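Enquirer: For reference, this is model.txt, and it has compact mmCIF, C-alpha atoms.
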```txt
# COMPACT_ATOMS: atom_id res chain seq x y z
CA MET A 1 49.65 -18.52 1.43
CA ASN A 2 47.55 -19.68 -1.45
CA SER A 3 49.31 -21.84 -3.98
CA MET A 4 50.25 -20.10 -7.20
CA THR A 5 51.39 -21.09 -10.65
CA ARG A 6 55.15 -21.14 -10.79
CA ARG A 7 56.51 -18.22 -12.75
CA PRO A 8 59.95 -17.36 -14.03
CA PRO A 9 62.00 -16.29 -11.02
CA ALA A 10 63.19 -12.95 -12.40
CA PHE A 11 62.68 -10.63 -15.31
CA ASP A 12 64.68 -8.01 -17.11
CA THR A 13 61.91 -5.77 -18.43
CA PRO A 14 62.85 -2.22 -17.49
CA VAL A 15 60.47 -0.42 -15.17
CA LYS A 16 60.08 3.34 -15.17
CA PRO A 17 61.14 4.93 -11.88
CA PRO A 18 58.40 6.61 -9.87
CA ALA A 19 59.57 10.05 -10.97
CA GLU A 20 58.55 9.25 -14.55
CA ASP A 21 55.27 7.64 -13.60
CA ALA A 22 52.11 9.67 -14.17
CA PRO A 23 51.48 11.88 -11.12
CA ARG A 24 48.86 10.45 -8.81
CA ALA A 25 45.86 12.64 -8.10
CA ARG A 26 46.34 13.75 -4.51
CA LYS A 27 46.38 16.84 -2.40
CA VAL A 28 49.98 18.01 -2.15
CA ARG A 29 51.28 19.67 0.99
CA SER A 30 54.02 22.04 -0.10
CA GLY A 31 56.10 22.29 3.08
CA PRO A 32 58.98 22.67 3.65
CA PHE A 33 59.34 19.60 5.86
CA GLY A 34 62.19 18.04 7.78
CA VAL A 35 62.56 14.26 7.62
CA LEU A 36 64.96 12.06 9.57
CA ASP A 37 65.92 8.45 8.85
CA ILE A 38 67.49 6.87 11.93
CA GLY A 39 69.04 3.63 10.75
CA SER A 40 71.55 1.10 12.00
CA SER A 41 74.17 1.99 9.37
CA LYS A 42 73.47 5.70 8.76
CA ILE A 43 71.46 8.64 10.03
CA ALA A 44 70.21 10.94 7.28
CA CYS A 45 68.23 14.17 7.32
CA MET A 46 66.59 16.07 4.48
CA ILE A 47 64.71 19.34 4.36
CA GLY A 48 62.46 19.44 1.32
CA ARG A 49 59.18 20.38 -0.22
CA ALA A 50 56.79 19.32 -2.99
CA GLU A 51 56.53 21.30 -6.21
CA SER A 52 53.13 22.16 -7.68
CA ASP A 53 53.38 19.14 -10.00
CA GLY A 54 54.02 16.78 -7.08
CA ARG A 55 57.75 16.33 -7.66
CA LEU A 56 59.96 16.44 -4.58
CA ARG A 57 62.73 18.99 -4.10
CA SER A 58 65.55 18.82 -1.57
CA LEU A 59 66.58 22.10 0.05
CA GLY A 60 69.20 20.60 2.34
CA PHE A 61 70.64 17.15 2.97
CA GLY A 62 73.07 15.63 5.47
CA TRP A 63 74.04 12.22 6.72
CA GLN A 64 76.36 10.54 9.21
CA ARG A 65 77.40 7.00 9.97
CA SER A 66 75.18 5.66 12.73
CA GLN A 67 76.33 5.75 16.30
CA GLY A 68 74.37 4.45 19.26
CA ILE A 69 71.85 2.60 17.04
CA LYS A 70 71.39 -1.16 16.90
CA SER A 71 68.70 -3.04 14.96
CA GLY A 72 66.80 0.22 14.49
CA GLY A 73 66.70 1.10 18.19
CA ILE A 74 68.70 3.57 20.26
CA VAL A 75 71.22 1.89 22.58
CA ASP A 76 73.43 4.91 23.42
CA LEU A 77 71.70 8.27 23.86
CA ASP A 78 74.86 10.38 23.79
CA ALA A 79 76.27 8.78 20.65
CA ALA A 80 72.91 8.86 18.85
CA GLU A 81 72.42 12.50 19.78
CA ARG A 82 75.81 13.46 18.32
CA ALA A 83 75.11 11.68 15.03
CA ILE A 84 71.61 13.12 14.71
CA ARG A 85 72.81 16.65 15.50
CA ALA A 86 75.54 16.36 12.86
CA ALA A 87 73.20 15.10 10.12
CA VAL A 88 70.48 17.64 10.94
CA GLY A 89 73.00 20.47 11.24
CA THR A 90 74.37 19.83 7.75
CA ALA A 91 70.88 19.79 6.25
CA GLU A 92 69.92 22.99 8.11
CA GLU A 93 73.05 24.79 6.94
CA LEU A 94 72.45 23.90 3.29
CA ALA A 95 68.75 24.80 3.48
CA ASP A 96 69.41 27.93 5.60
CA THR A 97 66.55 26.75 7.81
CA ARG A 98 66.27 25.81 11.48
CA LEU A 99 64.14 22.72 12.08
CA LYS A 100 61.76 22.57 15.01
CA SER A 101 60.17 19.22 14.13
CA VAL A 102 60.86 16.24 11.89
CA TYR A 103 59.07 13.25 10.42
CA VAL A 104 60.91 10.17 11.67
CA ASN A 105 61.01 6.57 10.49
CA LEU A 106 59.59 3.94 12.85
CA SER A 107 62.09 1.09 13.20
CA CYS A 108 62.44 0.73 16.96
CA GLY A 109 60.32 -1.18 19.44
CA GLN A 110 59.71 -4.25 17.25
CA PRO A 111 56.84 -2.80 15.16
CA GLU A 112 53.89 -5.10 14.53
CA SER A 113 51.15 -4.98 11.89
CA ARG A 114 47.52 -6.09 12.22
CA LEU A 115 44.25 -5.71 10.31
CA PHE A 116 40.97 -4.82 12.06
CA ASN A 117 37.37 -4.75 10.87
CA VAL A 118 35.26 -2.19 12.71
CA GLN A 119 31.50 -1.67 12.46
CA TRP A 120 29.92 1.62 13.47
CA PRO A 121 26.16 2.38 13.71
CA VAL A 122 25.04 5.30 11.52
CA ASP A 123 21.27 4.65 11.75
CA GLY A 124 20.22 5.67 8.26
CA ARG A 125 21.83 9.12 8.07
CA ALA A 126 24.75 10.31 5.94
CA VAL A 127 28.25 9.33 6.99
CA THR A 128 30.30 12.24 8.34
CA ALA A 129 33.96 12.88 9.08
CA ASP A 130 33.17 12.41 12.77
CA ASP A 131 31.97 8.87 12.04
CA ILE A 132 35.28 8.07 10.37
CA LYS A 133 37.19 9.54 13.30
CA ARG A 134 35.19 7.35 15.69
CA VAL A 135 35.96 4.27 13.59
CA VAL A 136 39.69 5.05 13.73
CA ARG A 137 39.46 5.63 17.49
CA GLU A 138 37.66 2.31 17.93
CA ALA A 139 40.40 0.51 15.98
CA ARG A 140 43.05 2.11 18.18
CA THR A 141 41.13 1.04 21.29
CA ARG A 142 40.88 -2.55 20.09
CA ALA A 143 44.57 -2.61 19.14
CA ALA A 144 45.69 -1.20 22.49
CA ALA A 145 48.01 -3.53 24.37
CA GLU A 146 50.06 -3.06 27.51
CA GLY A 147 53.50 -1.72 26.70
CA ARG A 148 52.56 -0.92 23.07
CA ALA A 149 51.67 2.38 21.37
CA THR A 150 49.69 2.65 18.15
CA ILE A 151 51.51 4.61 15.45
CA HIS A 152 49.29 4.15 12.40
CA ALA A 153 45.59 3.32 12.09
CA LEU A 154 45.22 3.46 8.31
CA PRO A 155 41.72 3.11 6.79
CA LEU A 156 41.98 0.69 3.86
CA SER A 157 38.41 0.46 2.66
CA PHE A 158 34.80 1.01 3.80
CA ALA A 159 31.43 -0.61 3.30
CA THR A 160 28.03 1.03 3.74
CA ASP A 161 25.63 -1.77 4.63
CA GLU A 162 26.09 -4.28 1.76
CA THR A 163 27.98 -1.93 -0.58
CA GLN A 164 31.70 -2.65 -0.35
CA GLY A 165 34.91 -1.30 -1.81
CA ILE A 166 34.31 2.35 -0.89
CA THR A 167 37.34 4.62 -0.52
CA ASP A 168 35.61 7.61 1.10
CA PRO A 169 32.09 7.01 2.51
CA ARG A 170 31.30 10.60 3.53
CA GLY A 171 27.88 11.70 2.34
CA LEU A 172 26.65 8.14 1.74
CA PHE A 173 23.57 6.95 3.66
CA CYS A 174 23.63 3.67 5.57
CA ASP A 175 22.60 1.93 8.75
CA THR A 176 26.05 0.47 9.47
CA LEU A 177 29.49 1.70 8.42
CA THR A 178 32.12 -1.04 8.22
CA ALA A 179 35.81 -0.23 7.92
CA GLN A 180 38.95 -2.28 7.44
CA LEU A 181 41.97 -0.65 9.06
CA HIS A 182 45.66 -1.45 9.13
CA VAL A 183 47.12 -0.80 12.57
CA ILE A 184 50.87 -0.58 13.23
CA ASP A 185 52.14 -0.34 16.79
CA SER A 186 55.47 -0.45 18.57
CA GLY A 187 57.00 -0.85 22.02
CA SER A 188 56.27 2.18 24.21
CA THR A 189 59.62 2.25 26.01
CA ALA A 190 61.60 2.28 22.76
CA LEU A 191 59.42 5.13 21.50
CA ARG A 192 59.96 7.02 24.73
CA THR A 193 63.72 6.65 24.31
CA LEU A 194 63.44 7.92 20.72
CA SER A 195 61.40 10.93 21.86
CA ALA A 196 63.90 11.70 24.62
CA CYS A 197 66.81 11.54 22.18
CA LEU A 198 65.14 13.92 19.72
CA SER A 199 64.22 16.22 22.60
CA ARG A 200 67.91 16.42 23.49
CA CYS A 201 68.51 17.41 19.86
CA GLU A 202 65.89 20.19 20.27
CA LEU A 203 63.51 18.52 17.81
CA ASP A 204 59.82 17.66 18.08
CA ILE A 205 58.26 14.64 16.40
CA ALA A 206 55.98 15.89 13.62
CA GLY A 207 55.07 12.30 12.81
CA LEU A 208 56.29 8.72 13.06
CA ILE A 209 56.09 6.78 9.78
CA SER A 210 56.58 3.04 9.36
CA ALA A 211 59.98 2.56 7.68
CA PRO A 212 58.83 -0.07 5.12
CA LEU A 213 55.80 2.08 4.24
CA ALA A 214 58.13 4.98 3.50
CA SER A 215 60.42 2.79 1.38
CA GLY A 216 57.45 1.58 -0.66
CA LEU A 217 56.32 5.14 -1.36
CA ALA A 218 59.79 5.89 -2.70
CA VAL A 219 60.35 2.93 -5.04
CA LEU A 220 56.95 1.68 -6.26
CA VAL A 221 55.18 2.92 -9.37
CA GLY A 222 51.42 3.42 -9.26
CA ASP A 223 50.51 0.12 -10.95
CA GLU A 224 52.66 -1.84 -8.50
CA ARG A 225 50.81 -0.32 -5.56
CA GLU A 226 47.49 -1.22 -7.15
CA LEU A 227 48.18 -4.73 -8.45
CA GLY A 228 50.00 -6.10 -5.42
CA THR A 229 53.73 -5.87 -4.65
CA THR A 230 55.98 -6.71 -1.74
CA VAL A 231 58.76 -4.23 -0.94
CA ILE A 232 61.83 -5.60 0.84
CA ASP A 233 64.18 -2.93 2.20
CA MET A 234 67.51 -4.53 3.05
CA GLY A 235 69.11 -2.15 5.54
CA GLY A 236 72.19 -2.47 7.70
CA GLY A 237 70.71 -3.80 10.93
CA THR A 238 67.22 -4.81 9.82
CA THR A 239 65.29 -5.99 6.77
CA THR A 240 61.78 -4.56 6.51
CA ILE A 241 58.79 -5.75 4.50
CA ALA A 242 55.72 -3.91 3.22
CA VAL A 243 52.92 -5.46 1.18
CA PHE A 244 50.97 -3.07 -1.05
CA SER A 245 47.71 -3.76 -2.87
CA GLU A 246 44.90 -1.59 -4.24
CA GLY A 247 46.98 1.49 -3.53
CA GLN A 248 47.29 0.74 0.21
CA VAL A 249 49.84 -0.89 2.49
CA LEU A 250 48.25 -4.06 3.90
CA HIS A 251 51.06 -5.49 6.00
CA THR A 252 54.47 -4.57 7.38
CA ALA A 253 57.11 -6.60 9.17
CA GLN A 254 60.68 -6.26 10.37
CA ILE A 255 63.47 -8.83 10.61
CA PRO A 256 66.47 -8.06 12.86
CA VAL A 257 69.01 -9.15 10.23
CA GLY A 258 70.59 -7.01 7.52
CA GLY A 259 73.70 -6.10 5.59
CA ASN A 260 75.79 -5.48 8.71
CA HIS A 261 75.38 -9.13 9.63
CA VAL A 262 76.81 -10.13 6.24
CA THR A 263 79.82 -7.91 6.92
CA THR A 264 80.32 -9.49 10.35
CA ASP A 265 80.14 -12.98 8.82
CA ILE A 266 82.88 -12.00 6.36
CA ALA A 267 85.07 -10.54 9.11
CA GLN A 268 84.72 -13.69 11.20
CA GLY A 269 85.09 -16.11 8.29
CA LEU A 270 88.17 -14.45 6.80
CA SER A 271 89.72 -13.23 10.11
CA THR A 272 89.81 -9.63 8.94
CA SER A 273 88.57 -6.33 10.36
CA ILE A 274 85.00 -5.04 9.99
CA ALA A 275 86.23 -2.17 7.80
CA HIS A 276 88.10 -4.50 5.43
CA ALA A 277 85.20 -6.95 5.41
CA GLU A 278 82.88 -4.14 4.29
CA ARG A 279 85.33 -3.19 1.54
CA LEU A 280 85.65 -6.79 0.33
CA LYS A 281 81.86 -7.11 0.28
CA ALA A 282 81.44 -3.93 -1.76
CA LEU A 283 84.23 -4.64 -4.27
CA TYR A 284 84.08 -8.42 -4.73
CA GLY A 285 80.90 -9.63 -3.03
CA ASN A 286 78.34 -11.81 -4.77
CA CYS A 287 75.69 -14.38 -3.89
CA HIS A 288 76.56 -16.77 -6.69
CA SER A 289 79.79 -18.61 -7.35
CA SER A 290 81.52 -19.14 -10.67
CA PRO A 291 84.24 -21.58 -11.81
CA ASP A 292 86.86 -18.83 -11.64
CA ASP A 293 86.19 -17.94 -7.99
CA SER A 294 88.56 -20.58 -6.61
CA ARG A 295 91.39 -19.22 -8.77
CA GLU A 296 90.82 -15.49 -8.18
CA LEU A 297 92.82 -14.45 -5.11
CA LEU A 298 91.80 -11.46 -2.98
CA PRO A 299 94.03 -9.43 -0.66
CA VAL A 300 92.79 -9.89 2.92
CA PRO A 301 94.52 -7.97 5.74
CA MET A 302 94.47 -10.21 8.80
CA VAL A 303 93.03 -8.75 11.98
CA GLY A 304 95.67 -8.04 14.62
CA GLU A 305 98.57 -8.52 12.22
CA ALA A 306 100.92 -5.85 10.90
CA GLU A 307 99.53 -3.81 8.01
CA HIS A 308 102.03 -5.24 5.52
CA GLN A 309 101.02 -8.83 6.33
CA ILE A 310 98.24 -9.44 3.82
CA ALA A 311 96.91 -12.92 3.10
CA GLN A 312 95.68 -14.10 -0.29
CA MET A 313 92.34 -15.89 -0.21
CA PRO A 314 90.21 -17.24 -3.05
CA ARG A 315 87.08 -15.31 -3.86
CA SER A 316 85.08 -18.50 -3.28
CA HIS A 317 85.75 -18.11 0.47
CA LEU A 318 84.18 -14.66 0.41
CA ILE A 319 81.07 -15.92 -1.40
CA ALA A 320 80.81 -18.82 1.05
CA CYS A 321 80.56 -16.24 3.86
CA ILE A 322 77.96 -14.10 2.06
CA ARG A 323 75.42 -16.52 0.62
CA PRO A 324 74.23 -18.35 3.78
CA ARG A 325 73.29 -15.12 5.54
CA LEU A 326 71.35 -13.80 2.55
CA GLU A 327 69.60 -17.14 2.18
CA GLU A 328 68.60 -16.83 5.83
CA ILE A 329 67.21 -13.32 5.26
CA PHE A 330 65.02 -14.37 2.34
CA GLU A 331 63.85 -17.53 4.12
CA LEU A 332 62.79 -15.34 7.06
CA VAL A 333 61.00 -12.98 4.64
CA LYS A 334 59.23 -15.96 3.08
CA ASP A 335 58.11 -17.16 6.51
CA GLN A 336 56.80 -13.69 7.38
CA LEU A 337 54.76 -13.49 4.19
CA GLU A 338 53.32 -16.95 4.70
CA THR A 339 52.44 -16.16 8.33
CA ALA A 340 50.68 -12.95 7.26
CA GLY A 341 48.24 -15.05 5.23
CA LEU A 342 47.59 -12.38 2.61
CA GLY A 343 47.36 -14.89 -0.24
CA ARG A 344 46.95 -13.29 -3.65
CA ALA A 345 46.71 -9.79 -2.17
CA GLY A 346 50.49 -9.77 -1.84
CA GLY A 347 50.89 -10.23 -5.58
CA VAL A 348 53.65 -12.11 -7.37
CA ARG A 349 56.06 -9.20 -7.61
CA VAL A 350 58.87 -8.18 -5.25
CA VAL A 351 60.86 -4.95 -5.28
CA LEU A 352 64.19 -4.98 -3.45
CA THR A 353 65.71 -1.77 -2.13
CA GLY A 354 68.11 -0.64 0.60
CA GLY A 355 71.90 -0.70 0.64
CA ALA A 356 72.28 -4.49 0.91
CA SER A 357 70.08 -5.03 -2.17
CA GLN A 358 72.92 -3.75 -4.36
CA LEU A 359 75.12 -6.78 -3.66
CA GLY A 360 75.68 -8.84 -6.79
CA GLY A 361 73.27 -11.72 -7.32
CA VAL A 362 70.78 -10.63 -4.65
CA ARG A 363 67.90 -10.26 -7.13
CA GLU A 364 68.40 -13.73 -8.52
CA LEU A 365 68.70 -15.30 -5.08
CA ALA A 366 65.52 -13.56 -3.88
CA ALA A 367 63.63 -14.74 -6.96
CA GLN A 368 64.81 -18.31 -6.39
CA ILE A 369 63.80 -18.47 -2.71
CA LEU A 370 60.61 -16.37 -2.85
CA ASP A 371 59.45 -17.78 -6.20
CA ARG A 372 58.31 -14.37 -7.41
CA HIS A 373 59.24 -11.82 -10.03
CA VAL A 374 61.91 -9.55 -8.55
CA ARG A 375 63.33 -6.19 -9.57
CA LEU A 376 65.72 -3.78 -7.89
CA GLY A 377 64.02 -0.57 -6.82
CA ARG A 378 65.58 2.88 -6.94
CA PRO A 379 63.68 5.84 -5.50
CA GLY A 380 62.39 8.47 -7.89
CA ALA A 381 64.81 11.32 -8.43
CA VAL A 382 64.50 14.22 -5.97
CA ILE A 383 65.38 17.62 -7.42
CA GLY A 384 68.44 19.09 -5.74
CA LEU A 385 69.46 15.88 -3.98
CA PRO A 386 73.02 14.66 -4.73
CA ASP A 387 73.18 11.73 -7.15
CA SER A 388 74.79 9.60 -4.46
CA ALA A 389 71.68 10.06 -2.29
CA ASN A 390 69.22 9.22 -5.09
CA SER A 391 69.99 5.55 -4.49
CA PRO A 392 68.41 2.53 -2.76
CA ASN A 393 70.40 3.37 0.40
CA PHE A 394 68.19 6.44 0.91
CA ALA A 395 64.81 5.00 -0.12
CA THR A 396 63.35 5.39 3.38
CA LEU A 397 64.49 9.02 3.66
CA ILE A 398 62.93 9.93 0.31
CA GLY A 399 59.75 8.06 1.20
CA LEU A 400 59.50 10.03 4.45
CA LEU A 401 59.47 13.27 2.46
CA ALA A 402 56.86 11.82 0.10
CA PHE A 403 54.66 10.92 3.08
CA ALA A 404 55.12 14.34 4.67
CA THR A 405 53.87 15.96 1.45
CA GLY A 406 50.73 13.80 1.49
CA ASP A 407 51.61 10.66 -0.47
CA GLY A 408 50.28 7.44 1.03
CA GLN A 409 47.71 9.27 3.16
CA SER A 410 43.99 8.82 2.57
CA MET A 411 41.43 11.48 3.50
CA GLN A 412 44.08 14.08 4.21
CA ASP A 413 41.46 16.70 5.07
CA ILE A 414 40.47 14.78 8.23
CA ASP A 415 42.63 15.47 11.27
CA PHE A 416 43.14 12.14 12.99
CA ASN A 417 45.68 13.57 15.45
CA THR A 418 42.94 14.30 17.98
CA GLU A 419 42.32 10.55 18.09
CA ARG A 420 45.95 9.56 18.00
CA TYR A 421 47.70 10.72 21.13
CA ARG A 422 46.08 8.98 24.07
CA GLY A 423 47.45 7.43 27.26
CA TRP A 424 50.81 8.08 28.90
CA PHE A 425 52.73 8.05 25.61
CA GLY A 426 50.32 10.60 24.18
CA ARG A 427 50.79 12.89 27.17
CA PHE A 428 54.54 12.52 26.80
CA VAL A 429 54.42 13.50 23.11
CA ASP A 430 52.09 16.42 23.89
CA PHE A 431 54.59 17.62 26.49
CA LEU A 432 57.38 17.57 23.92
CA LYS A 433 55.25 19.39 21.36
CA ASN A 434 54.31 22.17 23.78
CA ARG A 435 57.58 22.66 25.61
CA VAL A 436 58.77 25.57 23.38
```
Here is the file; what I need is its structure written in the form of structure tokens.
Expert:
Amino acid sequence: MNSMTRRPPAFDTPVKPPAEDAPRARKVRSGPFGVLDIGSSKIACMIGRAESDGRLRSLGFGWQRSQGIKSGGIVDLDAAERAIRAAVGTAEELADTRLKSVYVNLSCGQPESRLFNVQWPVDGRAVTADDIKRVVREARTRAAAEGRATIHALPLSFATDETQGITDPRGLFCDTLTAQLHVIDSGSTALRTLSACLSRCELDIAGLISAPLASGLAVLVGDERELGTTVIDMGGGTTTIAVFSEGQVLHTAQIPVGGNHVTTDIAQGLSTSIAHAERLKALYGNCHSSPDDSRELLPVPMVGEAEHQIAQMPRSHLIACIRPRLEEIFELVKDQLETAGLGRAGGVRVVLTGGASQLGGVRELAAQILDRHVRLGRPGAVIGLPDSANSPNFATLIGLLAFATGDGQSMQDIDFNTERYRGWFGRFVDFLKNRV
């Protein structure tokens, strides 16, 4: 990364949530849509639509604790199917709607993110939608790798001959059309397992959306997307990263460490159960110690002992279990950002979201390690969604609905699906889509 002037590590200036930000000019797809967030700690489903003013409305919502999911991937088909069916069934009952397809977050198969520059000969005529489709197809061809399937090929910007910085080149005359595209792919076998699981739940895949992209759509205001911001979604089994700039997502990454690992560290360090470790983390957890921590004693039920045998441990022991793991997470995030080589495009601002971001002192620790301005991000309010679900824990779910309604999608009037499903994975998805 390029060197930057050191700035204060954190700030307290309030930021308006996305719901209060001025509506972005975009074509809104009304829906309704079904969206499904398959995570390591919870599985959540929402059926919703977009109002005429662009605001999101929930018609039905349901969630279950995850079963059969580890680090974003399915490890037990039967358990995952039961949890998905329960979450979807609750949402369907509240919305009085039966879902046939859902938009699903992409977390499995170790997703990878790459940028491609593609040149396409136009030979002096006007650029057409077909030219843009061919550019996207060429990017997918170049990105193709054995055992990987391309999920997104997102056009970032275009150039017509020497004229750069064009958002939509249709109608412009040039000899050569140049495009920069952001390609996100994932392991084919993990995607096949995901498709098989949803098929067992009698659901088609309407679309796969990168999980960090969805989180960014939920928690960033318009200026943050334009000026350069890194979104860090701290989930249960994974921590995901998305870098936004000039209104587009430039880079995504995923780290197989999250809040569940903090809970496990507490359970091991204090010799207590996972359930009690989670409770201790939620009630007393913090990243920073204070002089009183060694004197404040916490009740810690010992694993394997009788229920009435409860030890008393200083709070400093709890913090000593929490901080190293969170330091590791942010050091890994820092390494990912440096490896991406985005320089100034990544901006100097970080927005934290996800369930683990709500632990005390996380913002300050992130600012210290990443050396950037940091704020905690809450998704914009969704009409009809319970207050408990309008929280960082459900940022990905809300972002999935935003994407389904058209947010984060450029040139929505061009159907790129004809270029998307190719190869064996494409035939498999087509089979699922046409089986009913």
Enquirer: So how far away is CA of Glu246 in chain A from CA of Ala145 in chain A, in Å?
Expert: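 Value for the CA of Ala145 in chain A-CA of Glu246 in chain A distance: 28.8 Å.
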Enquirer: What gap, in Å, lies between CA of Pro169 in chain A and CA of Thr128 in chain A?
Expert: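 Taking CA of Pro169 in chain A as the start and CA of Thr128 in chain A as the end point, the length is 8.0 Å.
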Enquirer: With distances taken over only C-alpha atoms, which residue among A:Gln119, A:Ser188, A:Arg137, A:Ser289 lies nearest Asp161 in chain A?
Expert: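 Answer, going by the shortest atom-to-atom distance: A:Gln119.
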Enquirer: Which residue, A:Ser271, A:Val183, A:Ala211, A:Val28, has the smallest gap to Ile398 in chain A when you use only C-alpha atoms?
Expert: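 Of A:Ser271, A:Val183, A:Ala211, A:Val28, the one nearest Ile398 in chain A, counting only C-alpha atoms, is A:Ala211.
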Enquirer: What gap, in Å, lies between CA of Leu115 in chain A and CA of His152 in chain A?
Expert: 11.3 Å
Enquirer: Choose the residue, out of A:Val348, A:Cys197, A:Leu365, A:Ala44, that has the smallest atom-to-atom separation from Ala91 in chain A; count only C-alpha atoms.
Expert: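 So, comparing all the options, the nearest one is A:Ala44.
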